[in-house]
Every structure is written in structure tokens, then in C-alpha cells.
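Student: Contents are mmCIF, C-alpha atoms; file name start-v3.cif:
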```
data_protein
#
loop_
_atom_site.label_atom_id
_atom_site.label_comp_id
_atom_site.auth_asym_id
_atom_site.auth_seq_id
_atom_site.Cartn_x
_atom_site.Cartn_y
_atom_site.Cartn_z
CA MET A 1 0.00 0.00 0.00
CA SER A 2 1.41 3.40 -0.99
CA GLU A 3 1.91 6.09 1.61
CA LYS A 4 -0.59 8.93 1.86
CA PRO A 5 0.63 11.90 -0.24
CA ASN A 6 1.48 15.16 1.44
CA ARG A 7 -1.31 17.66 1.02
CA VAL A 8 -1.01 21.46 0.93
CA LEU A 9 -3.89 23.91 0.96
CA ILE A 10 -3.08 26.83 -1.36
CA VAL A 11 -5.15 29.99 -1.01
CA ASP A 12 -5.20 32.94 -3.43
CA ASP A 13 -7.91 34.99 -5.14
CA GLU A 14 -5.87 34.99 -8.39
CA PRO A 15 -6.23 31.73 -10.40
CA ARG A 16 -2.84 32.39 -12.08
CA ASN A 17 -1.09 32.36 -8.72
CA LEU A 18 -2.77 29.09 -7.77
CA ALA A 19 -1.70 27.51 -11.05
CA LEU A 20 1.85 28.71 -10.47
CA LEU A 21 1.98 27.17 -6.99
CA GLU A 22 0.62 23.87 -8.29
CA ALA A 23 3.28 23.80 -11.00
CA VAL A 24 6.03 24.59 -8.47
CA LEU A 25 4.94 21.87 -6.04
CA ALA A 26 4.13 19.10 -8.52
CA PRO A 27 7.79 18.01 -9.04
CA ILE A 28 8.18 17.17 -5.32
CA GLY A 29 5.00 15.08 -5.23
CA ILE A 30 2.75 17.51 -3.34
CA GLU A 31 -1.01 17.16 -3.66
CA THR A 32 -2.76 20.53 -3.51
CA ARG A 33 -6.24 21.72 -2.64
CA ARG A 34 -7.39 25.14 -3.85
CA ALA A 35 -9.29 27.93 -2.15
CA THR A 36 -9.99 31.24 -3.87
CA ASP A 37 -11.05 33.32 -0.87
CA GLY A 38 -10.66 33.44 2.91
CA ARG A 39 -14.05 31.92 3.74
CA GLN A 40 -13.56 28.96 1.46
CA ALA A 41 -10.04 28.51 2.84
CA VAL A 42 -11.28 28.34 6.45
CA ALA A 43 -14.01 25.84 5.51
CA LEU A 44 -11.51 23.60 3.67
CA PHE A 45 -9.05 23.91 6.54
CA ARG A 46 -11.67 22.69 9.02
CA GLU A 47 -12.65 19.78 6.78
CA LEU A 48 -9.13 18.56 6.00
CA HIS A 49 -7.72 19.17 9.45
CA ALA A 50 -10.54 17.20 11.09
CA THR A 51 -9.51 14.07 9.15
CA ASP A 52 -5.75 14.75 9.45
CA GLU A 53 -5.44 15.17 5.67
CA LEU A 54 -3.59 18.47 5.71
CA ASP A 55 0.13 19.12 6.14
CA LEU A 56 0.60 22.80 5.30
CA VAL A 57 -1.25 25.97 4.30
CA LEU A 58 0.14 28.55 1.86
CA LEU A 59 -2.10 31.53 2.49
CA ASP A 60 -2.23 34.71 0.42
CA VAL A 61 -2.66 37.88 2.47
CA MET A 62 -4.31 40.38 0.10
CA MET A 63 -7.79 38.98 -0.56
CA PRO A 64 -11.23 40.65 -0.60
CA GLU A 65 -13.71 40.23 2.26
CA LEU A 66 -11.78 37.95 4.62
CA ASP A 67 -8.08 38.61 4.07
CA GLY A 68 -5.18 36.32 4.95
CA PHE A 69 -4.77 37.75 8.45
CA GLY A 70 -8.43 37.11 9.28
CA ALA A 71 -8.41 33.63 7.75
CA LEU A 72 -5.23 32.80 9.66
CA ALA A 73 -6.79 33.86 12.96
CA GLU A 74 -9.87 31.69 12.32
CA MET A 75 -7.72 28.69 11.38
CA ARG A 76 -5.70 29.01 14.58
CA GLY A 77 -8.92 29.37 16.55
CA CYS A 78 -10.23 25.97 15.46
CA THR A 79 -7.10 23.99 16.37
CA SER A 80 -6.11 22.74 19.79
CA ALA A 81 -3.40 24.51 21.74
CA GLY A 82 -1.17 21.44 21.66
CA GLU A 83 -1.15 21.10 17.87
CA ARG A 84 0.56 23.41 15.41
CA LEU A 85 -0.34 22.85 11.77
CA PRO A 86 2.10 25.06 9.83
CA ILE A 87 0.65 28.08 8.01
CA VAL A 88 2.84 30.23 5.76
CA LEU A 89 1.68 33.64 4.59
CA VAL A 90 2.33 34.46 0.93
CA THR A 91 2.54 38.24 0.52
CA ALA A 92 4.03 41.17 -1.32
CA LEU A 93 3.86 43.18 1.90
CA SER A 94 7.28 43.81 3.35
CA ALA A 95 6.61 46.34 6.10
CA ARG A 96 7.66 45.28 9.58
CA GLU A 97 4.18 46.06 10.94
CA ASP A 98 2.58 43.63 8.46
CA ARG A 99 5.06 40.90 9.38
CA MET A 100 4.44 41.44 13.07
CA ARG A 101 0.69 41.34 12.50
CA GLY A 102 1.08 37.99 10.75
CA LEU A 103 3.23 36.55 13.51
CA GLU A 104 0.77 37.71 16.17
CA ALA A 105 -2.07 36.04 14.26
CA GLY A 106 -0.14 32.74 14.26
CA ALA A 107 1.88 32.61 11.05
CA ASP A 108 4.87 30.26 11.05
CA ASP A 109 6.73 31.90 8.18
CA PHE A 110 6.43 34.15 5.11
CA LEU A 111 6.99 33.73 1.38
CA SER A 112 7.54 36.95 -0.52
CA LYS A 113 6.05 37.69 -3.92
CA PRO A 114 7.19 37.32 -6.60
CA LEU A 115 7.77 33.72 -5.61
CA ASP A 116 11.08 31.94 -6.14
CA PRO A 117 10.26 28.30 -7.07
CA HIS A 118 13.37 26.90 -5.41
CA GLU A 119 12.67 28.77 -2.18
CA VAL A 120 9.03 27.65 -2.20
CA ARG A 121 9.99 23.99 -2.56
CA CYS A 122 12.63 24.22 0.18
CA ARG A 123 10.23 25.88 2.62
CA VAL A 124 7.48 23.39 1.84
CA ARG A 125 9.81 20.40 2.34
CA THR A 126 10.94 21.82 5.70
CA PHE A 127 7.45 22.39 7.04
CA ILE A 128 6.15 19.04 5.82
CA ALA A 129 9.06 17.32 7.57
CA LEU A 130 8.16 19.20 10.76
CA ARG A 131 4.53 18.18 10.37
CA GLU A 132 5.49 14.52 9.96
CA ALA A 133 7.73 14.74 13.02
CA GLN A 134 4.82 16.23 14.95
CA ARG A 135 2.59 13.32 13.91
CA THR A 136 5.23 10.81 14.93
CA LEU A 137 5.62 12.41 18.34
CA ARG A 138 1.86 12.50 18.81
CA GLN A 139 1.53 8.82 17.86
CA ARG A 140 4.32 7.85 20.24
CA ALA A 141 2.75 9.88 23.03
CA GLU A 142 -0.61 8.18 22.41
CA GLU A 143 1.07 4.77 22.37
CA LEU A 144 2.90 5.57 25.61
CA GLU A 145 -0.34 6.69 27.18
CA ARG A 146 -2.00 3.42 26.15
CA VAL A 147 0.86 1.41 27.62
CA GLN A 148 0.76 3.38 30.86
CA GLN A 149 -3.00 2.96 31.08
CA ALA A 150 -2.67 -0.79 30.49
CA ARG A 151 -0.05 -1.01 33.25
CA ALA A 152 -2.21 1.04 35.60
CA ASP A 153 -5.22 -1.19 34.88
CA LEU A 154 -3.11 -4.31 35.47
CA SER A 155 -1.77 -2.89 38.74
CA ARG A 156 -5.28 -2.08 39.93
CA LEU A 157 -6.43 -5.59 39.03
CA ILE A 158 -3.53 -7.21 40.89
CA VAL A 159 -3.97 -5.01 43.94
CA HIS A 160 -7.70 -5.70 44.17
CA ASP A 161 -7.22 -9.43 43.60
CA LEU A 162 -4.67 -9.61 46.42
CA LYS A 163 -7.13 -8.33 49.01
CA ASN A 164 -9.38 -11.38 49.18
CA PRO A 165 -6.73 -14.10 49.65
CA LEU A 166 -4.89 -11.94 52.19
CA ALA A 167 -8.08 -11.35 54.13
CA ALA A 168 -8.73 -15.09 54.10
CA LEU A 169 -5.16 -15.73 55.25
CA GLN A 170 -5.60 -13.28 58.10
CA GLY A 171 -8.81 -14.98 59.20
CA ASN A 172 -7.22 -18.44 59.07
CA LEU A 173 -4.24 -17.22 61.07
CA GLN A 174 -6.55 -15.91 63.77
CA TRP A 175 -8.33 -19.29 63.85
CA VAL A 176 -5.01 -21.16 64.05
CA ARG A 177 -3.91 -18.80 66.82
CA SER A 178 -6.98 -19.62 68.89
CA ARG A 179 -6.29 -23.36 68.52
CA ALA A 180 -2.54 -23.06 69.05
CA ALA A 181 -3.04 -21.10 72.28
CA GLN A 182 -4.07 -24.35 73.97
CA SER A 183 -0.72 -25.98 73.17
CA LYS A 184 1.24 -23.25 74.97
CA ASP A 185 3.97 -23.59 72.35
CA ALA A 186 5.61 -20.17 72.66
CA MET A 187 7.61 -20.44 69.43
CA MET A 188 4.56 -21.48 67.45
CA LEU A 189 2.50 -18.66 68.87
CA GLU A 190 5.23 -16.14 68.09
CA ALA A 191 5.48 -17.41 64.50
CA ILE A 192 1.70 -17.11 64.09
CA ASP A 193 1.75 -13.60 65.53
CA ASP A 194 4.58 -12.62 63.16
CA SER A 195 2.59 -13.93 60.20
CA THR A 196 -0.55 -12.15 61.37
CA SER A 197 1.34 -8.84 61.70
CA SER A 198 2.89 -9.25 58.25
CA THR A 199 -0.52 -9.98 56.75
CA ALA A 200 -1.96 -6.87 58.42
CA ARG A 201 0.87 -4.75 57.01
CA LEU A 202 0.26 -6.13 53.53
CA LEU A 203 -3.44 -5.34 53.78
CA LEU A 204 -2.56 -1.81 54.92
CA MET A 205 -0.21 -1.37 51.96
CA ILE A 206 -2.85 -2.64 49.53
CA GLY A 207 -5.48 -0.35 51.02
CA THR A 208 -3.09 2.58 50.66
CA LEU A 209 -2.41 1.74 47.00
CA ILE A 210 -6.14 1.58 46.28
CA ASP A 211 -6.88 4.87 48.05
CA VAL A 212 -3.96 6.69 46.40
CA ASP A 213 -5.26 5.59 43.02
CA ARG A 214 -8.78 6.75 43.90
CA VAL A 215 -7.58 10.16 45.09
CA GLU A 216 -5.39 10.73 42.03
CA ASN A 217 -8.26 9.81 39.72
CA SER A 218 -10.73 12.03 41.63
CA GLN A 219 -12.75 8.97 42.67
CA LEU A 220 -12.38 9.34 46.44
CA ARG A 221 -15.31 11.17 48.00
CA LEU A 222 -15.11 11.80 51.72
CA ASP A 223 -18.05 10.94 53.96
CA ARG A 224 -17.39 13.29 56.87
CA LYS A 225 -19.33 12.64 60.04
CA PRO A 226 -18.84 13.55 63.71
CA ALA A 227 -16.68 10.88 65.35
CA ARG A 228 -14.70 10.29 68.53
CA VAL A 229 -11.06 10.77 67.59
CA GLY A 230 -9.86 9.07 70.77
CA ALA A 231 -11.73 5.88 69.88
CA LEU A 232 -10.15 5.93 66.43
CA LEU A 233 -6.65 6.29 67.91
CA ASP A 234 -7.33 3.48 70.41
CA ALA A 235 -8.43 1.16 67.62
CA VAL A 236 -5.29 1.86 65.59
CA ALA A 237 -3.06 1.40 68.65
CA ARG A 238 -4.63 -1.98 69.47
CA ARG A 239 -4.18 -3.28 65.94
CA HIS A 240 -0.50 -2.33 65.87
CA ALA A 241 0.34 -3.22 69.48
CA ARG A 242 1.49 -6.76 68.77
CA ASP A 243 3.65 -5.81 65.79
CA ALA A 244 5.19 -2.98 67.82
CA GLU A 245 5.83 -5.32 70.74
CA LEU A 246 7.78 -7.65 68.48
CA ARG A 247 9.99 -4.67 67.61
CA GLY A 248 10.45 -3.78 71.27
CA VAL A 249 8.19 -0.72 70.93
CA THR A 250 5.31 0.40 73.13
CA ILE A 251 2.34 2.30 71.73
CA ARG A 252 0.29 4.59 73.95
CA VAL A 253 -2.65 6.94 73.40
CA THR A 254 -3.03 10.20 75.28
CA GLY A 255 -5.46 13.12 75.22
CA ASP A 256 -9.20 13.59 75.64
CA PRO A 257 -10.94 10.27 74.84
CA ASP A 258 -14.19 12.13 74.11
CA LEU A 259 -12.72 14.60 71.60
CA ARG A 260 -14.90 14.75 68.50
CA ALA A 261 -14.18 15.89 64.96
CA THR A 262 -16.03 15.81 61.64
CA ILE A 263 -13.96 13.35 59.63
CA ASP A 264 -14.08 10.43 57.22
CA CYS A 265 -13.09 7.74 59.73
CA SER A 266 -12.06 5.16 57.12
CA VAL A 267 -9.70 7.47 55.22
CA LEU A 268 -8.20 9.15 58.27
CA GLU A 269 -7.78 5.86 60.09
CA ARG A 270 -5.72 4.46 57.22
CA ALA A 271 -3.55 7.57 57.25
CA ILE A 272 -2.92 7.24 61.00
CA GLU A 273 -2.12 3.55 60.56
CA ASN A 274 0.55 4.46 58.03
CA LEU A 275 2.04 6.98 60.46
CA VAL A 276 2.02 4.47 63.33
CA GLU A 277 3.60 1.75 61.22
CA ASN A 278 6.26 4.22 60.10
CA ALA A 279 6.85 5.45 63.67
CA ALA A 280 7.23 1.92 65.06
CA ARG A 281 9.93 1.12 62.49
CA PHE A 282 12.08 4.04 63.58
CA ALA A 283 11.35 4.23 67.32
CA GLY A 284 14.41 2.22 68.30
CA THR A 285 14.62 -0.57 70.90
CA PRO A 286 13.25 -0.11 73.42
CA GLY A 287 11.06 2.52 71.83
CA LEU A 288 7.86 4.46 72.36
CA VAL A 289 5.17 5.68 69.97
CA GLU A 290 2.52 8.12 71.19
CA LEU A 291 -0.79 8.93 69.53
CA ALA A 292 -2.52 12.11 70.66
CA ALA A 293 -5.22 14.53 69.54
CA VAL A 294 -6.25 18.01 70.60
CA GLY A 295 -9.02 20.26 69.29
CA ASP A 296 -10.51 23.68 69.86
CA GLY A 297 -13.77 23.39 67.92
CA ARG A 298 -12.26 24.93 64.79
CA ALA A 299 -9.61 22.32 64.02
CA THR A 300 -8.25 19.03 65.32
CA ALA A 301 -4.55 18.19 65.45
CA ILE A 302 -3.59 14.50 65.51
CA THR A 303 0.04 13.71 66.33
CA VAL A 304 2.02 10.49 66.00
CA SER A 305 5.36 10.82 67.80
CA ASN A 306 8.21 8.39 68.25
CA THR A 307 11.53 8.00 70.00
CA GLY A 308 14.67 6.98 68.14
CA ALA A 309 17.08 8.87 65.92
CA PRO A 310 15.81 12.29 64.78
CA MET A 311 15.22 12.96 61.12
CA ALA A 312 17.62 15.42 59.50
CA PRO A 313 15.94 18.61 58.18
CA ALA A 314 17.11 17.84 54.64
CA GLN A 315 15.29 14.49 54.76
CA ARG A 316 11.96 16.22 55.43
CA THR A 317 11.96 18.23 52.20
CA ARG A 318 10.36 15.59 49.94
CA LEU A 319 8.98 13.30 52.62
CA PHE A 320 5.34 13.56 51.56
CA GLU A 321 5.91 13.32 47.80
CA LYS A 322 4.92 10.27 45.79
CA TYR A 323 7.58 7.53 45.93
CA ALA A 324 9.81 9.80 48.00
CA THR A 325 12.77 8.09 49.63
CA THR A 326 14.91 8.94 52.61
CA GLU A 327 18.23 7.75 53.94
CA ARG A 328 16.69 7.47 57.39
CA GLY A 329 17.64 3.94 58.35
CA GLY A 330 18.07 3.15 54.66
CA SER A 331 14.34 2.67 54.30
CA HIS A 332 12.03 3.45 51.42
CA GLN A 333 8.99 5.50 52.40
CA GLY A 334 6.89 4.39 49.42
CA LEU A 335 3.29 5.63 49.20
CA GLY A 336 2.34 5.63 52.88
CA LEU A 337 3.35 9.18 53.77
CA TYR A 338 2.19 10.43 50.37
CA PHE A 339 -1.25 9.00 51.13
CA CYS A 340 -1.21 10.66 54.56
CA ARG A 341 -0.73 13.99 52.80
CA LEU A 342 -3.56 13.26 50.35
CA ALA A 343 -5.88 12.26 53.19
CA ALA A 344 -5.12 15.41 55.18
CA GLU A 345 -5.54 17.66 52.13
CA ALA A 346 -8.79 15.94 51.19
CA HIS A 347 -10.09 17.00 54.62
CA GLY A 348 -9.01 20.57 53.88
CA GLY A 349 -5.99 20.32 56.18
CA GLY A 350 -2.36 19.37 55.98
CA ILE A 351 0.46 17.30 57.41
CA ALA A 352 3.89 18.26 58.73
CA VAL A 353 6.78 16.71 60.61
CA ASP A 354 8.78 18.38 63.41
CA SER A 355 10.65 17.52 66.60
CA ASP A 356 11.36 18.85 70.08
CA GLU A 357 13.23 17.76 73.20
CA ALA A 358 10.56 15.21 74.09
CA TRP A 359 10.05 13.67 70.65
CA PRO A 360 12.78 13.32 68.01
CA THR A 361 10.09 12.83 65.37
CA ARG A 362 6.48 13.99 65.46
CA PHE A 363 4.01 13.88 62.57
CA ARG A 364 1.05 16.24 62.84
CA ILE A 365 -2.16 16.03 60.81
CA THR A 366 -4.36 19.13 61.11
CA ILE A 367 -8.03 18.81 60.17
CA PRO A 368 -10.21 21.95 60.18
CA GLU A 369 -13.89 21.63 60.97
CA PRO A 370 -15.81 22.02 57.70
CA THR A 371 -18.38 24.71 57.07
CA ALA A 372 -21.73 23.71 55.63
CA ARG A 373 -20.43 24.56 52.15
CA ALA A 374 -17.22 22.58 52.61
CA THR A 375 -19.11 19.55 53.90
CA SER A 376 -21.25 19.41 50.75
CA ALA A 377 -18.08 19.23 48.66
CA PHE A 378 -16.91 16.07 50.43
CA VAL A 379 -20.08 14.04 50.92
CA ASP A 380 -21.79 12.26 48.05
#
```
For the structure just supplied, provide its representation as C-alpha cells.

Tutor:
Amino acid sequence: MSEKPNRVLIVDDEPRNLALLEAVLAPIGIETRRATDGRQAVALFRELHATDELDLVLLDVMMPELDGFGALAEMRGCTSAGERLPIVLVTALSAREDRMRGLEAGADDFLSKPLDPHEVRCRVRTFIALREAQRTLRQRAEELERVQQARADLSRLIVHDLKNPLAALQGNLQWVRSRAAQSKDAMMLEAIDDSTSSTARLLLMIGTLIDVDRVENSQLRLDRKPARVGALLDAVARRHARDAELRGVTIRVTGDPDLRATIDCSVLERAIENLVENAARFAGTPGLVELAAVGDGRATAITVSNTGAPMAPAQRTRLFEKYATTERGGSHQGLGLYFCRLAAEAHGGGIAVDSDEAWPTRFRITIPEPTARATSAFVD
């Protein structure tokens, strides 16, 4: 199958000039389409451009009714900002003001009358080569986008498919633990507890991956309701107590147990779990992790603090970015802290990390109480 010929739209109100351009372009295999006025030129441009059958426009300036400047402006107005189909003005005008007017309207170049055939062919070859390069880049970008979308879809499928067997594994481990408790085999019980903790961490990681994907694709809608923050912190502490104990770390909860805030419990709980899991890893042995919350009716601040080596200021710069890494303990932070940032921002708040004499590392999530208008933006 032969390749599609290059097509140039030539526009001039003088038939002799159109015939001349056709004769000049024929030797280099250019297929031409004619337009004898600005209106016809714009209509042909729309038609050919819509089906990607146009490579270049040679547009005369001095025409009655709609001149070349006006036609050029309309042509640029019907193309997307990311695409630049080359348009060359053909004109006897040489004044700087006329050239500037053409450039401001979107012209890519000028050909001066009387036309030099060799110059015309050279310019046309150059712009057609640029147009073909533009098409190639666009096709590669579209192909890359398809590949990335396929990978993203595959990742989502794998992540979702992992949840069910892991949940089943967690349930079976709890059942085995209840049976094994009667044997009083300390090593067996410790192995089961290790496996249960690892399964819980995997489920937390999978939940984080799913929620990050939902936030980034604008699919996560918060369901904010009044809730007891202390109860939420207690629940997280209990779930992570065994894993922390195996690391030689104690988790405690302080603050007002009756403190209430208007939050999406599921989203915020996952964020706090990520902070607790992170804090337990770096608390040292023996170590301490403290969960606390304070509020004043306008905002609630939730802190997760830990002992251990302090984090250098330079390490905090990109801590909450996607896939950010830190040299702290040689560990990769992954998506956990990034999700914490997304969760806080989705609530209209933010997250920060600091330290003081009591706590080498302290993460702080601040959640403002929503107004009636803000609440409607979060709840389906």
C-alpha cells in the first residue's frame, strides 16, 4: 500500500497564482487543494484538518472580504493549543508592521512575492518534515499513554485481587492462633503472631495503594461525620500493638478520649495507621510511639510521635511526595506518607513533621472543621 501523499492547501484569489503554486509543487510530489477566498479557505481547513489530511497551508494575504490575516486567525482558533499545523503567509507586503501582524495572528513563516520556485519547494519540504515529526511524536505519546494505562489497569487488578486471599489468610491465622493457644507452644504462637502482623501490614499497603489511586483519579469522596477521635486512635493502637511489641516498641494513646471531629473515619484511620507503622519502624529498641489529639472546635490536630534517631531537616523536604525516599535507616517511604498527605488535604488540612526535646520525630495532621459549604463538597 502506498503512503498517503502530502497535502497542501493553497489559497489565493488569483487563479494564475494558484496555477503557479501547483506547477512549483508538482515536481516534489505535493497534492494541492485550492481555495480562492478566505471563507472557502477556512471551511476547507476545518474539513481537512478534522480528518488529518492536511500538512501545510500557503495563504495569500491580500484577498477581498476575509483577508489572509483574518483567515489565519480563524484557522488558529479551530485547532487545539497542543497542535501546530504550519501556516505560511504568501505576501508582497514587506513592512515590519505587516510581518508582526502575521506573527501575532499565528503565522509560522512568510513567502515573498514574486515567488522563487526553489525557495518555495525548500520551505514546503521543511514544514512538511516538521509536520510529519509532529505526527510521529503524537503517535508515540498516544502509544505511551495506552501502555501506561494498560499497566495502571493491570496494577489495579492485581492489587484488588490480592485483598481477598490476604483477608482469608488473616482470618485463618486468627483461627489457628486460637487453637494453638491451647498448646502453649511459645515459638509457634510467636510465628503465628509474626505472620498475622505481616498480613496486616500487607493489607494496609494494599489499602493505601487503592486509596492513592482513587484520590489521584478524583474517585475518592469523603463521607465526613462527627466521630470520637480518641476511639479511632485506640483502635489503631490496638491493631499495631502486637507488631510494635515484636519490635520492642510500646504504643500509647493520650489526650481527651471524648474529643470529637467531623472526619471520614475510614480514610483518616488508614492515614494514621501508616504513620504508626512508620513510627514503630524508627522508634528504636526499646522505643515508644505516642498517639494524641487536641481540638478547639475549629480544628483538630492529631500527632504520631516516636523515640529513636531524629530525622535530619534535609530528609523532610520531599517526605510527603509520591515515591519519596529517605536515607533514614536506609528505608524506602513508598506511598504511605504520600497518602497521609492526600488524606489530610482531602479534609481541607495538611500534614507536617517536626521535633522537640521530648520527641525526636512527630508527625502532625491538622483537620479543620468544615463549614456547611465545605461539607457538601466532600459528601456524596

Student: On this file, the PyMOL selection byres ((chain A and resi 310) around 7) gives some set of residues; write that set as a PyMOL selection string.

Tutor: chain A and resi 308-309+311-312+360-361

Student: Excluding Leu9 (chain A) and residues on its chain fewer than 4 positions from it, collect all residues at most 8 Å away from it, counting all atoms listed in the file, and give them as a ChimeraX atom specification.

Tutor: /A:32-35,41,45,54,56-59

Student: Nearest to Gly68 (chain A) among A:Val42, A:Val24, A:Val8, A:Ala235, with distances taken over only C-alpha atoms: which residue is it?

Tutor: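 Residue with the minimum atom-to-atom distance to Gly68 (chain A): A:Val42.
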
Student: Which centre and edge lengths in Å to one decimal define the box along x, y and z that fits every listed atom of region 96-101 of chain A plus 6 Å per side, as lines of an AutoDock Vina configuration file?

Tutor:
```
center_x = 4.2
center_y = 43.5
center_z = 10.8
size_x = 19.0
size_y = 17.2
size_z = 16.6
```

Student: So what do you get for CA of Asp185 (chain A) versus CA of Leu173 (chain A), distance-wise?

Tutor: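 Interatomic distance here is 15.3 Å.
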
Student: Which is closer to Asn172 (chain A) than all the others in A:Leu93, A:Gln149, A:Ser195, A:Gly38, using all atoms listed in the file?

Tutor: A:Ser195

Student: Closest to Asn278 (chain A) among A:Met75, A:Ala105, A:Leu202, A:Val304, using only C-alpha atoms?

Tutor: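 Smallest separation from Asn278 (chain A) among the options: A:Val304.
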
Student: With the PyMOL selection byres ((chain A and resi 369) around 12) as the selection, what would be picked from this file? Answer as a list in words, please.

Tutor: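 Expected selection for the PyMOL selection byres ((chain A and resi 369) around 12) here is Arg224, Lys225, Pro226, Ala227, Arg260, Ala261, Thr262, Ile263, Asp264, Gly295, Asp296, Gly297, Arg298, Ala299, Thr300, Ala301, His347, Gly348, Gly349, Thr366, Ile367, Pro368, Pro370, Thr371, Ala372, Arg373, Ala374 and Thr375 of chain A.
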
Student: Apply the PyMOL selection byres ((chain A and resi 339) around 10) to the file shown and report the selected residues as a PyMOL selection string.

Tutor: chain A and resi 208-209+211-213+215+267-268+270-271+274+320-322+334-338+340-345

Student: Have a look at CA of Glu190 (chain A) and CA of Pro165 (chain A) and let me know their distance in Å, one decimal.

Tutor: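 Pair CA of Glu190 (chain A) / CA of Pro165 (chain A) returns 22.1 Å.
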
Student: Measure the distance from CA of Asp108 (chain A) to CA of Leu85 (chain A) in Å and round it to one decimal.

Tutor: 9.1 Å

Student: Out of A:Asp354, A:Glu245, A:Glu53, A:Asp194, which residue has the shortest atom-to-atom distance to Arg281 (chain A) when counting only C-alpha atoms?

Tutor: A:Glu245

Student: Mind listing as a ChimeraX atom specification all residues within 12 Å of (4.9, 23.0, -6.7), counting all atoms listed in the file?

Tutor: /A:6-10,17-33,58,115-125

Student: Write a file of the selected residues as a compact mmCIF listing (two decimals), keeping the file's coordinate frame, keeping C-alpha atoms.

Tutor:
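Here's the written file selection.txt:
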```txt
# COMPACT_ATOMS: atom_id res chain seq x y z
CA ASN A 6 1.48 15.16 1.44
CA ARG A 7 -1.31 17.66 1.02
CA VAL A 8 -1.01 21.46 0.93
CA LEU A 9 -3.89 23.91 0.96
CA ILE A 10 -3.08 26.83 -1.36
CA ASN A 17 -1.09 32.36 -8.72
CA LEU A 18 -2.77 29.09 -7.77
CA ALA A 19 -1.70 27.51 -11.05
CA LEU A 20 1.85 28.71 -10.47
CA LEU A 21 1.98 27.17 -6.99
CA GLU A 22 0.62 23.87 -8.29
CA ALA A 23 3.28 23.80 -11.00
CA VAL A 24 6.03 24.59 -8.47
CA LEU A 25 4.94 21.87 -6.04
CA ALA A 26 4.13 19.10 -8.52
CA PRO A 27 7.79 18.01 -9.04
CA ILE A 28 8.18 17.17 -5.32
CA GLY A 29 5.00 15.08 -5.23
CA ILE A 30 2.75 17.51 -3.34
CA GLU A 31 -1.01 17.16 -3.66
CA THR A 32 -2.76 20.53 -3.51
CA ARG A 33 -6.24 21.72 -2.64
CA LEU A 58 0.14 28.55 1.86
CA LEU A 115 7.77 33.72 -5.61
CA ASP A 116 11.08 31.94 -6.14
CA PRO A 117 10.26 28.30 -7.07
CA HIS A 118 13.37 26.90 -5.41
CA GLU A 119 12.67 28.77 -2.18
CA VAL A 120 9.03 27.65 -2.20
CA ARG A 121 9.99 23.99 -2.56
CA CYS A 122 12.63 24.22 0.18
CA ARG A 123 10.23 25.88 2.62
CA VAL A 124 7.48 23.39 1.84
CA ARG A 125 9.81 20.40 2.34
```

Student: Please fill the gaps in region 39-52 of chain A so it has N, CA and C atoms, and write that as a PDB file, in the frame of the given file.

Tutor:
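Once everything was written out, this is result12.pdb:
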```pdb
ATOM      1  N   ARG A  39     -12.987  32.743   3.183  1.00  0.00           N
ATOM      2  CA  ARG A  39     -14.050  31.920   3.740  1.00  0.00           C
ATOM      3  C   ARG A  39     -13.930  30.468   3.279  1.00  0.00           C
ATOM      4  N   GLN A  40     -13.719  30.313   1.991  1.00  0.00           N
ATOM      5  CA  GLN A  40     -13.560  28.960   1.460  1.00  0.00           C
ATOM      6  C   GLN A  40     -12.327  28.285   2.067  1.00  0.00           C
ATOM      7  N   ALA A  41     -11.278  29.056   2.265  1.00  0.00           N
ATOM      8  CA  ALA A  41     -10.040  28.510   2.840  1.00  0.00           C
ATOM      9  C   ALA A  41     -10.288  27.989   4.254  1.00  0.00           C
ATOM     10  N   VAL A  42     -11.010  28.765   5.067  1.00  0.00           N
ATOM     11  CA  VAL A  42     -11.280  28.340   6.450  1.00  0.00           C
ATOM     12  C   VAL A  42     -12.136  27.079   6.456  1.00  0.00           C
ATOM     13  N   ALA A  43     -13.146  27.018   5.572  1.00  0.00           N
ATOM     14  CA  ALA A  43     -14.010  25.840   5.510  1.00  0.00           C
ATOM     15  C   ALA A  43     -13.217  24.597   5.105  1.00  0.00           C
ATOM     16  N   LEU A  44     -12.337  24.733   4.094  1.00  0.00           N
ATOM     17  CA  LEU A  44     -11.510  23.600   3.670  1.00  0.00           C
ATOM     18  C   LEU A  44     -10.525  23.200   4.769  1.00  0.00           C
ATOM     19  N   PHE A  45      -9.984  24.184   5.449  1.00  0.00           N
ATOM     20  CA  PHE A  45      -9.050  23.910   6.540  1.00  0.00           C
ATOM     21  C   PHE A  45      -9.728  23.057   7.612  1.00  0.00           C
ATOM     22  N   ARG A  46     -10.939  23.448   8.006  1.00  0.00           N
ATOM     23  CA  ARG A  46     -11.670  22.690   9.020  1.00  0.00           C
ATOM     24  C   ARG A  46     -11.908  21.246   8.573  1.00  0.00           C
ATOM     25  N   GLU A  47     -12.323  21.107   7.321  1.00  0.00           N
ATOM     26  CA  GLU A  47     -12.650  19.780   6.780  1.00  0.00           C
ATOM     27  C   GLU A  47     -11.421  18.879   6.737  1.00  0.00           C
ATOM     28  N   LEU A  48     -10.330  19.390   6.177  1.00  0.00           N
ATOM     29  CA  LEU A  48      -9.130  18.560   6.000  1.00  0.00           C
ATOM     30  C   LEU A  48      -8.415  18.318   7.322  1.00  0.00           C
ATOM     31  N   HIS A  49      -8.407  19.322   8.166  1.00  0.00           N
ATOM     32  CA  HIS A  49      -7.720  19.170   9.450  1.00  0.00           C
ATOM     33  C   HIS A  49      -8.447  18.160  10.341  1.00  0.00           C
ATOM     34  N   ALA A  50      -9.764  18.117  10.258  1.00  0.00           N
ATOM     35  CA  ALA A  50     -10.540  17.200  11.090  1.00  0.00           C
ATOM     36  C   ALA A  50     -10.219  15.745  10.789  1.00  0.00           C
ATOM     37  N   THR A  51      -9.831  15.444   9.540  1.00  0.00           N
ATOM     38  CA  THR A  51      -9.510  14.070   9.150  1.00  0.00           C
ATOM     39  C   THR A  51      -7.995  13.860   9.004  1.00  0.00           C
ATOM     40  N   ASP A  52      -7.216  14.822   9.492  1.00  0.00           N
ATOM     41  CA  ASP A  52      -5.750  14.750   9.450  1.00  0.00           C
ATOM     42  C   ASP A  52      -5.250  14.533   8.015  1.00  0.00           C
TER      43      ASP A  52
END
```
